[in-house]
>>> print(open('data_27.txt').read())   # compact mmCIF, C-alpha atoms and all ligand atoms
# COMPACT_ATOMS: atom_id res chain seq x y z
CA GLY A 1 24.18 32.78 20.30
CA SER A 2 22.62 34.28 17.20
CA SER A 3 23.83 37.39 15.52
CA TRP A 4 21.64 39.72 13.57
CA ALA A 5 24.10 40.60 10.82
CA ALA A 6 21.50 39.70 8.22
CA VAL A 7 18.71 41.80 9.70
CA PRO A 8 18.01 44.63 7.27
CA MET A 9 17.23 48.18 8.35
CA GLY A 10 13.48 48.64 8.27
CA PRO A 11 11.82 51.78 6.92
CA PRO A 12 10.50 54.31 9.45
CA ASP A 13 6.74 54.25 10.10
CA ALA A 14 4.92 56.32 7.48
CA ILE A 15 3.27 58.53 10.08
CA LEU A 16 5.33 58.28 13.28
CA GLY A 17 8.54 58.70 11.22
CA LEU A 18 7.37 62.22 10.34
CA VAL A 19 7.18 63.11 14.03
CA GLU A 20 10.90 62.31 14.36
CA ALA A 21 11.71 64.48 11.34
CA PHE A 22 9.58 67.30 12.74
CA LYS A 23 11.35 67.19 16.11
CA ALA A 24 14.74 67.41 14.38
CA ASP A 25 13.70 70.44 12.25
CA THR A 26 15.07 73.70 13.70
CA ASP A 27 13.11 76.12 11.47
CA PRO A 28 10.90 78.33 13.68
CA ARG A 29 8.08 78.23 11.11
CA LYS A 30 7.74 74.44 11.30
CA VAL A 31 4.23 73.00 11.59
CA ASN A 32 3.34 69.39 12.38
CA LEU A 33 0.17 68.28 10.61
CA SER A 34 1.09 64.61 10.41
CA VAL A 35 -0.31 62.95 13.52
CA GLY A 36 -3.97 62.80 14.44
CA ALA A 37 -3.72 64.25 17.92
CA TYR A 38 -5.78 67.20 19.10
CA ARG A 39 -4.05 70.50 19.82
CA ASP A 40 -5.65 73.55 21.45
CA GLY A 41 -5.65 77.04 19.95
CA GLU A 42 -2.08 77.50 21.21
CA GLY A 43 -0.88 74.33 19.50
CA LYS A 44 -0.60 72.47 22.81
CA PRO A 45 -1.91 69.01 23.78
CA TRP A 46 -5.12 69.34 25.80
CA VAL A 47 -6.29 67.18 28.68
CA LEU A 48 -10.06 67.49 28.95
CA PRO A 49 -11.10 68.93 32.34
CA SER A 50 -13.78 66.20 32.66
CA VAL A 51 -11.04 63.61 32.20
CA ARG A 52 -8.83 65.35 34.80
CA LYS A 53 -11.73 65.39 37.25
CA ALA A 54 -12.46 61.69 36.70
CA GLU A 55 -8.77 60.91 37.09
CA GLU A 56 -8.69 62.74 40.44
CA ARG A 57 -11.66 60.66 41.61
CA VAL A 58 -9.92 57.46 40.54
CA MET A 59 -6.74 58.51 42.35
CA ALA A 60 -8.66 59.46 45.50
CA LYS A 61 -10.01 55.91 45.72
CA MET A 62 -6.45 54.61 46.28
CA MET A 63 -7.30 51.46 44.33
CA ASP A 64 -4.93 48.53 44.23
CA LYS A 65 -2.80 47.68 41.20
CA GLU A 66 -3.97 44.09 40.79
CA TYR A 67 -4.34 42.58 37.33
CA LEU A 68 -7.58 43.19 35.51
CA PRO A 69 -9.32 40.08 34.16
CA ILE A 70 -8.42 39.03 30.58
CA VAL A 71 -11.53 40.85 29.34
CA GLY A 72 -10.55 44.02 31.19
CA ASP A 73 -12.53 46.38 33.39
CA MET A 74 -16.11 45.23 32.78
CA ALA A 75 -17.62 48.40 34.28
CA PHE A 76 -15.74 50.38 31.62
CA VAL A 77 -16.56 47.88 28.87
CA ASP A 78 -20.25 48.08 29.67
CA CYS A 79 -20.25 51.90 29.65
CA ALA A 80 -18.29 51.86 26.39
CA ARG A 81 -20.72 49.62 24.55
CA LYS A 82 -23.72 51.60 25.77
CA PHE A 83 -21.93 54.72 24.53
CA ALA A 84 -21.64 53.17 21.06
CA LEU A 85 -24.84 51.16 20.74
CA GLY A 86 -27.14 53.33 22.85
CA LYS A 87 -28.37 52.82 26.41
CA GLU A 88 -31.61 51.34 25.05
CA SER A 89 -29.91 48.93 22.65
CA LYS A 90 -31.95 45.78 22.11
CA ALA A 91 -28.81 43.77 21.32
CA LEU A 92 -27.37 44.70 24.73
CA ALA A 93 -30.63 43.94 26.53
CA GLU A 94 -30.65 40.52 24.84
CA LYS A 95 -27.07 39.93 26.04
CA ARG A 96 -25.86 39.03 22.59
CA VAL A 97 -22.85 41.35 22.49
CA ALA A 98 -19.44 39.84 23.33
CA SER A 99 -17.21 42.66 24.60
CA VAL A 100 -13.64 42.98 25.82
CA GLN A 101 -11.38 45.87 26.74
CA THR A 102 -8.51 46.29 24.30
CA LEU A 103 -5.27 48.25 23.84
CA SER A 104 -7.04 51.22 22.28
CA GLY A 105 -8.35 51.03 18.71
CA THR A 106 -5.23 49.45 17.28
CA GLY A 107 -5.39 46.58 19.76
CA SER A 108 -9.08 46.11 19.03
CA CYS A 109 -8.36 45.81 15.31
CA ARG A 110 -5.62 43.29 16.04
CA VAL A 111 -7.82 41.09 18.25
CA ILE A 112 -10.63 40.94 15.68
CA GLY A 113 -8.00 40.33 12.97
CA ASP A 114 -6.74 37.30 14.87
CA PHE A 115 -10.33 36.15 15.51
CA TYR A 116 -11.11 36.34 11.79
CA ALA A 117 -7.87 34.52 10.92
CA ARG A 118 -8.95 31.68 13.25
CA PHE A 119 -12.61 31.42 12.35
CA LEU A 120 -12.76 32.63 8.74
CA GLY A 121 -9.42 30.96 8.16
CA LYS A 122 -5.86 32.10 7.52
CA GLY A 123 -5.63 34.07 4.30
CA ALA A 124 -9.30 35.10 4.40
CA ALA A 125 -9.78 38.45 2.70
CA MET A 126 -10.10 41.69 4.67
CA TYR A 127 -11.61 44.42 2.51
CA LEU A 128 -10.44 47.90 3.41
CA PRO A 129 -11.71 51.13 1.85
CA ALA A 130 -9.28 52.70 -0.63
CA PRO A 131 -7.71 54.59 0.98
CA SER A 132 -7.81 53.67 4.68
CA TRP A 133 -5.82 54.49 7.80
CA GLY A 134 -2.24 53.44 6.97
CA ASN A 135 -1.94 51.01 9.86
CA HIS A 136 -5.02 48.94 8.94
CA ALA A 137 -3.26 46.97 6.21
CA ASN A 138 -0.28 46.21 8.50
CA ILE A 139 -2.50 45.07 11.37
CA PHE A 140 -4.63 42.68 9.36
CA LYS A 141 -1.68 41.37 7.33
CA ASP A 142 0.10 40.54 10.59
CA SER A 143 -3.06 38.76 11.73
CA GLY A 144 -2.76 36.50 8.71
CA LEU A 145 -5.50 37.98 6.55
CA GLU A 146 -5.17 38.93 2.90
CA ILE A 147 -5.71 42.64 2.30
CA LYS A 148 -8.14 43.63 -0.45
CA THR A 149 -9.66 47.02 -1.07
CA TYR A 150 -13.02 48.36 -2.14
CA ARG A 151 -13.53 51.66 -3.94
CA TYR A 152 -14.32 54.49 -1.56
CA TRP A 153 -12.84 57.86 -2.46
CA ASN A 154 -13.67 59.45 -5.77
CA LYS A 155 -10.70 61.55 -6.95
CA GLN A 156 -12.85 63.44 -9.44
CA THR A 157 -15.40 64.64 -6.93
CA ASN A 158 -13.27 64.51 -3.74
CA GLY A 159 -16.32 62.63 -2.40
CA LEU A 160 -17.66 59.12 -1.90
CA ASP A 161 -17.68 56.60 -4.75
CA LEU A 162 -20.87 54.91 -3.56
CA ASP A 163 -21.48 52.94 -6.76
CA GLY A 164 -17.91 51.66 -6.81
CA MET A 165 -18.12 50.75 -3.15
CA LEU A 166 -21.37 48.80 -3.56
CA ALA A 167 -20.12 47.01 -6.67
CA ASP A 168 -16.86 45.94 -5.00
CA LEU A 169 -18.60 44.76 -1.82
CA GLN A 170 -21.20 42.88 -3.84
CA ALA A 171 -18.34 41.09 -5.64
CA ALA A 172 -16.50 40.17 -2.40
CA PRO A 173 -16.58 36.38 -1.90
CA ASP A 174 -18.38 34.83 1.07
CA GLY A 175 -16.01 34.24 3.96
CA SER A 176 -14.43 37.70 3.62
CA ALA A 177 -14.36 40.45 6.21
CA VAL A 178 -15.20 44.08 5.43
CA LEU A 179 -13.94 47.09 7.38
CA LEU A 180 -16.12 50.20 7.58
CA HIS A 181 -15.12 53.45 9.28
CA ALA A 182 -17.95 54.29 11.70
CA CYS A 183 -17.49 58.04 11.24
CA ALA A 184 -14.85 60.62 10.32
CA HIS A 185 -13.22 58.39 7.72
CA ASN A 186 -9.44 58.51 8.02
CA PRO A 187 -7.75 59.81 5.87
CA THR A 188 -10.40 61.26 3.54
CA GLY A 189 -12.82 62.96 5.95
CA VAL A 190 -15.59 61.71 3.65
CA ASP A 191 -18.45 59.78 5.29
CA PRO A 192 -21.57 58.31 3.71
CA THR A 193 -24.71 60.34 4.48
CA PRO A 194 -27.38 58.61 6.61
CA GLU A 195 -29.30 57.82 3.40
CA GLN A 196 -26.18 56.34 1.82
CA TRP A 197 -25.53 54.28 4.97
CA LYS A 198 -29.04 52.84 4.62
CA THR A 199 -28.25 51.83 1.05
CA ILE A 200 -24.94 50.27 2.12
CA CYS A 201 -26.67 48.44 4.98
CA LYS A 202 -29.34 47.03 2.67
CA ALA A 203 -26.68 45.76 0.25
CA LEU A 204 -24.64 44.16 3.03
CA LYS A 205 -27.67 42.68 4.77
CA ALA A 206 -28.18 40.70 1.58
CA ARG A 207 -24.63 39.31 2.00
CA PRO A 208 -24.70 37.33 5.27
CA GLY A 209 -21.50 35.55 4.19
CA LEU A 210 -19.48 38.73 4.82
CA SER A 211 -18.23 39.60 8.33
CA LEU A 212 -18.64 43.32 8.96
CA PHE A 213 -16.27 45.25 11.16
CA PHE A 214 -16.81 48.89 12.14
CA ASP A 215 -13.76 50.80 13.31
CA SER A 216 -14.94 53.66 15.52
CA ALA A 217 -12.02 55.89 16.47
CA TYR A 218 -13.77 59.27 16.47
CA GLN A 219 -17.21 58.99 18.08
CA GLY A 220 -18.14 62.55 19.10
CA PHE A 221 -15.19 64.01 17.30
CA ALA A 222 -16.73 64.13 13.85
CA SER A 223 -19.83 66.24 14.41
CA GLY A 224 -19.33 67.13 18.06
CA ASP A 225 -22.33 64.91 18.91
CA ALA A 226 -21.52 61.37 20.00
CA GLU A 227 -25.08 60.22 19.27
CA ALA A 228 -25.06 61.52 15.69
CA ASP A 229 -21.63 59.99 15.09
CA SER A 230 -22.90 56.53 16.03
CA PHE A 231 -25.67 56.57 13.42
CA ALA A 232 -24.18 53.96 11.10
CA VAL A 233 -23.30 51.48 13.84
CA ARG A 234 -26.69 51.76 15.52
CA TYR A 235 -28.52 51.52 12.20
CA PHE A 236 -26.80 48.26 11.20
CA VAL A 237 -27.46 46.75 14.63
CA SER A 238 -31.11 47.88 14.59
CA GLU A 239 -31.49 46.23 11.17
CA GLY A 240 -30.37 42.96 12.75
CA VAL A 241 -27.07 42.87 10.89
CA PRO A 242 -24.33 41.21 12.98
CA ILE A 243 -21.26 43.43 13.21
CA ALA A 244 -18.06 43.70 15.15
CA LEU A 245 -17.11 47.11 16.52
CA ALA A 246 -13.77 48.54 17.62
CA GLN A 247 -13.89 51.54 19.93
CA SER A 248 -11.00 53.87 20.63
CA PHE A 249 -11.09 56.51 23.37
CA ALA A 250 -7.82 58.07 22.23
CA LYS A 251 -9.23 61.09 20.38
CA ASN A 252 -12.67 61.74 21.84
CA PHE A 253 -11.41 61.53 25.44
CA GLY A 254 -7.87 62.71 24.64
CA LEU A 255 -6.46 59.54 26.24
CA TYR A 256 -3.99 58.66 23.46
CA GLY A 257 -1.17 57.24 25.59
CA GLU A 258 -3.45 55.48 28.07
CA ARG A 259 -4.53 52.97 25.38
CA VAL A 260 -8.24 52.74 26.19
CA GLY A 261 -10.42 50.79 23.78
CA SER A 262 -12.81 47.92 23.38
CA LEU A 263 -13.97 45.28 20.96
CA ASN A 264 -17.63 44.30 20.69
CA VAL A 265 -18.98 41.44 18.62
CA VAL A 266 -22.74 41.70 18.13
CA CYS A 267 -24.02 38.14 17.79
CA GLU A 268 -27.31 36.50 16.87
CA THR A 269 -27.94 34.95 20.28
CA ALA A 270 -26.67 35.24 23.86
CA GLU A 271 -25.31 31.71 23.61
CA GLU A 272 -23.31 32.61 20.48
CA ALA A 273 -21.95 35.70 22.26
CA GLU A 274 -20.70 33.49 25.11
CA ARG A 275 -18.85 31.24 22.69
CA VAL A 276 -17.33 34.22 20.87
CA LEU A 277 -16.26 35.80 24.17
CA SER A 278 -14.54 32.58 25.23
CA GLN A 279 -12.48 32.68 22.02
CA LEU A 280 -11.59 36.37 22.39
CA LYS A 281 -10.16 35.51 25.81
CA ILE A 282 -8.15 32.65 24.30
CA ILE A 283 -6.71 35.09 21.74
CA ILE A 284 -5.90 37.80 24.29
CA ARG A 285 -4.31 35.68 27.03
CA PRO A 286 -1.10 34.79 25.15
CA MET A 287 -1.01 38.16 23.31
CA TYR A 288 -0.84 40.55 26.29
CA SER A 289 -2.65 38.69 29.09
CA ASN A 290 -4.82 41.59 30.25
CA PRO A 291 -5.19 45.31 29.51
CA PRO A 292 -4.05 48.36 31.53
CA ALA A 293 -6.43 49.60 34.23
CA HIS A 294 -5.92 53.32 34.65
CA GLY A 295 -7.40 54.83 31.47
CA ALA A 296 -10.36 52.46 31.50
CA ARG A 297 -11.19 53.56 35.04
CA ILE A 298 -11.16 57.18 33.88
CA VAL A 299 -13.55 56.58 30.96
CA GLY A 300 -15.74 54.37 33.13
CA THR A 301 -15.94 57.16 35.72
CA VAL A 302 -16.92 59.80 33.15
CA LEU A 303 -19.53 57.64 31.43
CA SER A 304 -21.17 56.44 34.64
CA ASP A 305 -21.66 59.92 36.13
CA PRO A 306 -24.33 61.99 34.34
CA ALA A 307 -22.79 65.34 35.35
CA LEU A 308 -19.30 64.35 34.22
CA GLU A 309 -20.67 62.86 31.03
CA THR A 310 -22.50 66.11 30.24
CA GLN A 311 -19.29 68.03 30.85
CA TRP A 312 -17.36 65.63 28.61
CA ARG A 313 -19.94 66.08 25.84
CA SER A 314 -19.46 69.84 25.83
CA GLU A 315 -15.67 69.51 25.89
CA CYS A 316 -15.71 67.02 23.04
CA LYS A 317 -17.93 69.41 21.11
CA MET A 318 -15.43 72.20 21.77
CA MET A 319 -12.70 70.14 20.10
CA ALA A 320 -14.92 69.33 17.13
CA ASP A 321 -16.01 72.97 16.82
CA ARG A 322 -12.43 74.26 16.89
CA ILE A 323 -11.55 71.86 14.08
CA ILE A 324 -14.58 72.92 12.06
CA ALA A 325 -13.61 76.59 12.59
CA MET A 326 -10.10 75.81 11.35
CA ARG A 327 -11.58 74.29 8.18
CA THR A 328 -13.38 77.55 7.46
CA ALA A 329 -10.23 79.53 8.24
CA LEU A 330 -7.97 77.36 6.07
CA HIS A 331 -10.42 77.56 3.20
CA SER A 332 -10.71 81.33 3.30
CA GLU A 333 -6.95 81.81 3.77
CA VAL A 334 -6.14 79.66 0.71
CA LEU A 335 -8.44 81.82 -1.37
CA LYS A 336 -7.00 84.96 0.22
CA ALA A 337 -3.52 83.75 -0.74
CA GLY A 338 -4.75 83.94 -4.34
CA SER A 339 -5.59 80.32 -5.19
CA LYS A 340 -8.14 79.92 -7.96
CA LYS A 341 -8.57 76.20 -7.31
CA ASP A 342 -11.68 74.54 -5.88
CA TRP A 343 -10.93 73.94 -2.19
CA SER A 344 -14.54 73.31 -1.11
CA HIS A 345 -13.60 69.82 0.11
CA ILE A 346 -11.69 71.44 3.00
CA THR A 347 -14.98 72.48 4.56
CA SER A 348 -17.17 69.61 3.35
CA GLN A 349 -14.96 66.90 4.88
CA ILE A 350 -15.37 66.04 8.56
CA GLY A 351 -13.32 64.75 11.45
CA MET A 352 -9.69 65.12 12.41
CA PHE A 353 -8.26 65.16 8.90
CA CYS A 354 -8.40 67.01 5.62
CA PHE A 355 -7.50 65.09 2.51
CA THR A 356 -6.10 68.06 0.63
CA GLY A 357 -5.56 66.51 -2.78
CA LEU A 358 -1.87 67.59 -2.70
CA LYS A 359 0.25 65.25 -4.85
CA PRO A 360 3.39 63.55 -3.44
CA ASP A 361 5.75 66.08 -5.11
CA GLN A 362 3.68 68.95 -3.70
CA VAL A 363 3.77 67.34 -0.25
CA ALA A 364 7.56 67.08 -0.55
CA ARG A 365 7.75 70.83 -1.31
CA MET A 366 5.49 71.61 1.66
CA THR A 367 7.97 69.85 3.92
CA ASN A 368 11.31 70.72 2.28
CA GLU A 369 10.60 74.40 1.51
CA PHE A 370 8.01 75.32 4.11
CA HIS A 371 8.79 72.94 7.01
CA ILE A 372 5.18 71.74 7.11
CA TYR A 373 4.89 68.04 7.90
CA LEU A 374 2.04 65.97 6.46
CA THR A 375 1.65 62.41 5.17
CA LYS A 376 2.56 61.60 1.55
CA ASP A 377 -1.07 61.04 0.63
CA GLY A 378 -1.76 64.76 1.21
CA ARG A 379 -3.56 64.26 4.51
CA ILE A 380 -3.29 67.03 7.09
CA SER A 381 -4.41 66.89 10.69
CA MET A 382 -6.78 69.84 11.09
CA ALA A 383 -6.09 69.79 14.83
CA GLY A 384 -2.53 71.00 14.18
CA LEU A 385 -3.84 74.30 12.78
CA ASN A 386 -4.48 77.39 14.86
CA SER A 387 -4.96 81.13 14.33
CA LYS A 388 -1.16 81.65 14.38
CA ASN A 389 -0.21 79.17 11.66
CA VAL A 390 -3.27 78.79 9.42
CA ALA A 391 -2.39 81.67 7.05
CA TYR A 392 1.18 80.37 6.69
CA VAL A 393 -0.02 76.85 5.90
CA ALA A 394 -2.62 78.18 3.45
CA SER A 395 -0.07 80.27 1.56
CA ALA A 396 2.28 77.28 1.35
CA MET A 397 -0.58 75.14 0.00
CA HIS A 398 -1.22 77.78 -2.65
CA GLU A 399 2.51 78.06 -3.55
CA CYS A 400 2.80 74.28 -3.91
CA THR A 401 -0.32 73.90 -6.08
CA LYS A 402 0.19 76.85 -8.46
N1 LIG B 501 -8.67 53.39 13.58
C1 LIG B 501 -8.60 54.55 12.94
C2 LIG B 501 -9.43 54.78 11.74
C3 LIG B 501 -7.74 55.56 13.41
O1 LIG B 501 -7.68 56.72 12.77
C4 LIG B 501 -6.96 55.31 14.56
C5 LIG B 501 -6.05 56.35 15.11
N2 LIG B 501 -5.23 56.98 14.22
C6 LIG B 501 -7.10 54.07 15.19
C7 LIG B 501 -7.96 53.14 14.67
C8 LIG B 501 -6.36 53.62 16.40
O2 LIG B 501 -5.85 54.53 17.27
P1 LIG B 501 -5.53 54.09 18.75
O3 LIG B 501 -4.86 52.78 18.70
O4 LIG B 501 -4.63 55.17 19.25
O5 LIG B 501 -6.84 54.05 19.45
>>> encode(input="data_27.txt", output="C-alpha cells")
Amino acid sequence: GSSWAAVPMGPPDAILGLVEAFKADTDPRKVNLSVGAYRDGEGKPWVLPSVRKAEERVMAKMMDKEYLPIVGDMAFVDCARKFALGKESKALAEKRVASVQTLSGTGSCRVIGDFYARFLGKGAAMYLPAPSWGNHANIFKDSGLEIKTYRYWNKQTNGLDLDGMLADLQAAPDGSAVLLHACAHNPTGVDPTPEQWKTICKALKARPGLSLFFDSAYQGFASGDAEADSFAVRYFVSEGVPIALAQSFAKNFGLYGERVGSLNVVCETAEEAERVLSQLKIIIRPMYSNPPAHGARIVGTVLSDPALETQWRSECKMMADRIIAMRTALHSEVLKAGSKKDWSHITSQIGMFCFTGLKPDQVARMTNEFHIYLTKDGRISMAGLNSKNVAYVASAMHECTK
C-alpha cells in the first residue's frame, strides 16, 4: 500500500480556521466576526419562521428519499430563477436559460468553473475583482482556470474604482471569464450604483468575447429588498447580454448547512440552452451525481406560496435591517470611544460585511489582545455584532487604530 509520509501539513482555511481558534478561546469577552453567518440580537443562529413553516409542510408530506435527477429539484430550480430574473423575465419565457440545482453557491461556482475550463479551454483566464471572496480563487484554480484580477476597491476612497475596473475589463483578452458580485460585494460591502452598473453593462456588452458570471449570494440581504438586490442581474439580461448566474440560498434563507443553490446560464436561444444544459449534466454526474433534496424542497415551498413568500420577505428584511442598525451603532460607538478617524465607510457599505480598513498588524492585535476574531484583510461580519458587544468591539477598533 501507499504511505503518506511525504504529505505535508496544509495550512488551515483562512476563514474556517478562525472558527476553530474562536472555539478554543476561553476569554469571556471573545467575539466571532469572521464567518458570514447571520446571528440574532442575542448572538444566536436564527432559523427564519417562514423556513420552519415550509419545512413542517415538507415533513408532513412524508415524501420518499429517492434520488433527485442530476439537475436537481426542477420545481425549486424554476422558483429560484424566477426569484433572480423576475417572474416576467423574457429570457425565461423564451426558454433560453439552462438551470441546475447546485451544492449552494460554492458548488454553483465550481460547476461553472468546470464548464468554462471545458468550453473556454483549460487555463482560460477568470477575472475576479480585487479583492473577492477568499474561496473564489481556490474554486476556479481547482477548475483549471487561471486567476486574474481587475481593479475594484479603491483604498483611498474606501469606494469603487470604476475607472480601474472598466480599464482592466476592457483589456481582458477574448476567451476570458469575468466574475461580478450581483450585490453586497464580499468582502468590501461596496457595490456599483445602478448608474454605474449601466456603464459597466455597456462596456461589457461591447465585449462579446468575455463570458460573464454573476455570483449572487446575498439577494435580499443587501438592501432588505430582493427585487432591488437583483437590479444588476436583471439589467444585464434585459440588455440582451448573456450571463451565467450562481444563486445561493445560504444567507437570505438562513439555510447554510442545507447547501441550497442553483446555476443558471442565460443563452441566446432555447436550442443553445438545451446544449448547455446537457453539458452541465455531464459535468455534475461524475462530480456528485445529484444534489440533496431537503433544502431545495423548503425554498421551493416558500417561493411557490404567496403568503409564505411575503412572510419570508419581511423576515429577510428584518435581518438586513438589524445589520444596518448595527452599522449605525458601530459607527457611533467608535466615535464615542474617541476615534478621530473617518469611519463613514462603516455605514456606507452594504451587506453582511464591513471592510474596516484595519491593517494585518491591527487585526492581529484585535484577536490577540481583545479576543475579537476577524479575517486578516480587516473584514468583519456585521451579523456577529449585537447591542451587548458593539461598544466593546468599537473600543477595540479605536485602540488598535490609534
Ligand atoms: N459567493 C460569495 C460571494 C459568498 O460570499 C459566499 C458565501 N460566503 C458564497 C459564494 C458561497 O456560499 P455557500 O456555498 O454557502 O452558498
>>> residues_around(input="data_27.txt", residues="Cys201 (chain A)", least_positions_apart="3", cutoff="10 Å", atoms="all atoms listed in the file", output="count of residues only")
15
>>> closest_residue(input="data_27.txt", among="A:Ser230, A:Gln247, A:Ser278, A:Thr26", to="ligand LIG 501 (chain B)", atoms="all atoms listed in the file")
A:Gln247
>>> closest_atom_pairs(input="data_27.txt", of="chain A", to="ligand LIG 501 (chain B)", cutoff="6 Å", atoms="all atoms listed in the file", output="CSV")
residue,atom,partner,partner_atom,distance
A:Gly36,CA,B:LIG501,N2,6.0
A:Ser104,CA,B:LIG501,O5,4.0
A:Gly105,CA,B:LIG501,O5,3.5
A:Thr106,CA,B:LIG501,O3,3.6
A:Trp133,CA,B:LIG501,C2,5.4
A:Asn186,CA,B:LIG501,C2,5.3
A:Asp215,CA,B:LIG501,N1,5.7
A:Ala217,CA,B:LIG501,N1,5.1
A:Ser248,CA,B:LIG501,O5,4.3
A:Ala250,CA,B:LIG501,O5,5.0
A:Tyr256,CA,B:LIG501,O4,5.5
>>> closest_residue(input="data_27.txt", among="A:Lys376, A:Thr367, A:Ala391, A:Thr199", to="Arg327 (chain A)", atoms="all atoms listed in the file")
A:Ala391
>>> residues_around(input="data_27.txt", residues="Ile323 (chain A)", least_positions_apart="6", cutoff="12 Å", atoms="all atoms listed in the file", output="ChimeraX atom specification")
/A:36-41,221-224,316-317,329-330,346-347,349-354,380-387,390
>>> closest_residue(input="data_27.txt", among="A:Phe83, A:Met9, A:Ala337, A:Pro360", to="Glu399 (chain A)", atoms="only C-alpha atoms")
A:Ala337
>>> closest_residue(input="data_27.txt", among="A:Gly189, A:Ala182, A:Ala203, A:Asp305", to="Gly220 (chain A)", atoms="only C-alpha atoms")
A:Ala182
>>> closest_residue(input="data_27.txt", among="A:Glu333, A:Glu146, A:Asp161, A:Glu258", to="Ala130 (chain A)", atoms="all atoms listed in the file")
A:Asp161
>>> closest_residue(input="data_27.txt", among="A:Thr301, A:Thr149, A:Ser289, A:Ser108", to="Ala125 (chain A)", atoms="all atoms listed in the file")
A:Thr149
>>> residues_near_point(input="data_27.txt", point="(-16.0, 46.4, 15.6)", cutoff="6 Å", atoms="all atoms listed in the file", output="VMD selection string")
chain A and resid 213 to 215 244 to 246 263 to 264
>>> residues_near_point(input="data_27.txt", point="(-8.3, 57.2, 3.5)", cutoff="9 Å", atoms="only C-alpha atoms", output="PyMOL selection string")
chain A and resi 129-134+152-153+185-190+355+377+379
>>> residues_around(input="data_27.txt", residues="Ile284 (chain A)", least_positions_apart="2", cutoff="10 Å", atoms="only C-alpha atoms", output="ChimeraX atom specification")
/A:70-71,100,102,107,110-111,114-115,279-282,286-291
>>> atom_distance(input="data_27.txt", atom1="CA of Gly300 (chain A)", atom2="CA of Ala75 (chain A)")
6.4 Å
>>> residues_around(input="data_27.txt", residues="Val51 (chain A)", least_positions_apart="5", cutoff="8 Å", atoms="only C-alpha atoms", output="number ranges by chain")
A: 253, 298-299, 302, 312
>>> residues_around(input="data_27.txt", residues="Met126 (chain A)", least_positions_apart="3", cutoff="8 Å", atoms="all atoms listed in the file", output="ChimeraX atom specification")
/A:140,145-149,176-179
>>> atom_distance(input="data_27.txt", atom1="CA of Ser211 (chain A)", atom2="CA of Cys267 (chain A)")
11.2 Å
>>> atom_distance(input="data_27.txt", atom1="CA of Glu94 (chain A)", atom2="CA of Glu271 (chain A)")
10.4 Å
>>> build_atoms(input="data_27.txt", residues="region 12-23 of chain A", atoms="N, CA and C atoms", output="PDB file, in the frame of the given file")
ATOM      1  N   PRO A  12      11.241  53.696   8.346  1.00  0.00           N
ATOM      2  CA  PRO A  12      10.500  54.310   9.450  1.00  0.00           C
ATOM      3  C   PRO A  12       8.995  54.220   9.198  1.00  0.00           C
ATOM      4  N   ASP A  13       8.187  54.259  10.252  1.00  0.00           N
ATOM      5  CA  ASP A  13       6.740  54.250  10.100  1.00  0.00           C
ATOM      6  C   ASP A  13       6.296  55.476   9.309  1.00  0.00           C
ATOM      7  N   ALA A  14       5.330  55.258   8.402  1.00  0.00           N
ATOM      8  CA  ALA A  14       4.920  56.320   7.480  1.00  0.00           C
ATOM      9  C   ALA A  14       4.430  57.558   8.225  1.00  0.00           C
ATOM     10  N   ILE A  15       3.811  57.376   9.361  1.00  0.00           N
ATOM     11  CA  ILE A  15       3.270  58.530  10.080  1.00  0.00           C
ATOM     12  C   ILE A  15       4.187  58.921  11.237  1.00  0.00           C
ATOM     13  N   LEU A  16       4.524  57.949  12.095  1.00  0.00           N
ATOM     14  CA  LEU A  16       5.330  58.280  13.280  1.00  0.00           C
ATOM     15  C   LEU A  16       6.756  58.699  12.891  1.00  0.00           C
ATOM     16  N   GLY A  17       7.233  58.269  11.715  1.00  0.00           N
ATOM     17  CA  GLY A  17       8.540  58.700  11.220  1.00  0.00           C
ATOM     18  C   GLY A  17       8.576  60.206  10.985  1.00  0.00           C
ATOM     19  N   LEU A  18       7.445  60.769  10.580  1.00  0.00           N
ATOM     20  CA  LEU A  18       7.370  62.220  10.340  1.00  0.00           C
ATOM     21  C   LEU A  18       7.523  63.009  11.634  1.00  0.00           C
ATOM     22  N   VAL A  19       7.056  62.423  12.741  1.00  0.00           N
ATOM     23  CA  VAL A  19       7.180  63.110  14.030  1.00  0.00           C
ATOM     24  C   VAL A  19       8.651  63.280  14.381  1.00  0.00           C
ATOM     25  N   GLU A  20       9.451  62.237  14.105  1.00  0.00           N
ATOM     26  CA  GLU A  20      10.900  62.310  14.360  1.00  0.00           C
ATOM     27  C   GLU A  20      11.519  63.417  13.519  1.00  0.00           C
ATOM     28  N   ALA A  21      11.153  63.459  12.234  1.00  0.00           N
ATOM     29  CA  ALA A  21      11.710  64.480  11.340  1.00  0.00           C
ATOM     30  C   ALA A  21      11.295  65.879  11.803  1.00  0.00           C
ATOM     31  N   PHE A  22      10.064  66.002  12.252  1.00  0.00           N
ATOM     32  CA  PHE A  22       9.580  67.300  12.740  1.00  0.00           C
ATOM     33  C   PHE A  22      10.375  67.753  13.951  1.00  0.00           C
ATOM     34  N   LYS A  23      10.601  66.844  14.879  1.00  0.00           N
ATOM     35  CA  LYS A  23      11.350  67.190  16.110  1.00  0.00           C
ATOM     36  C   LYS A  23      12.747  67.678  15.772  1.00  0.00           C
TER      37      LYS A  23
END
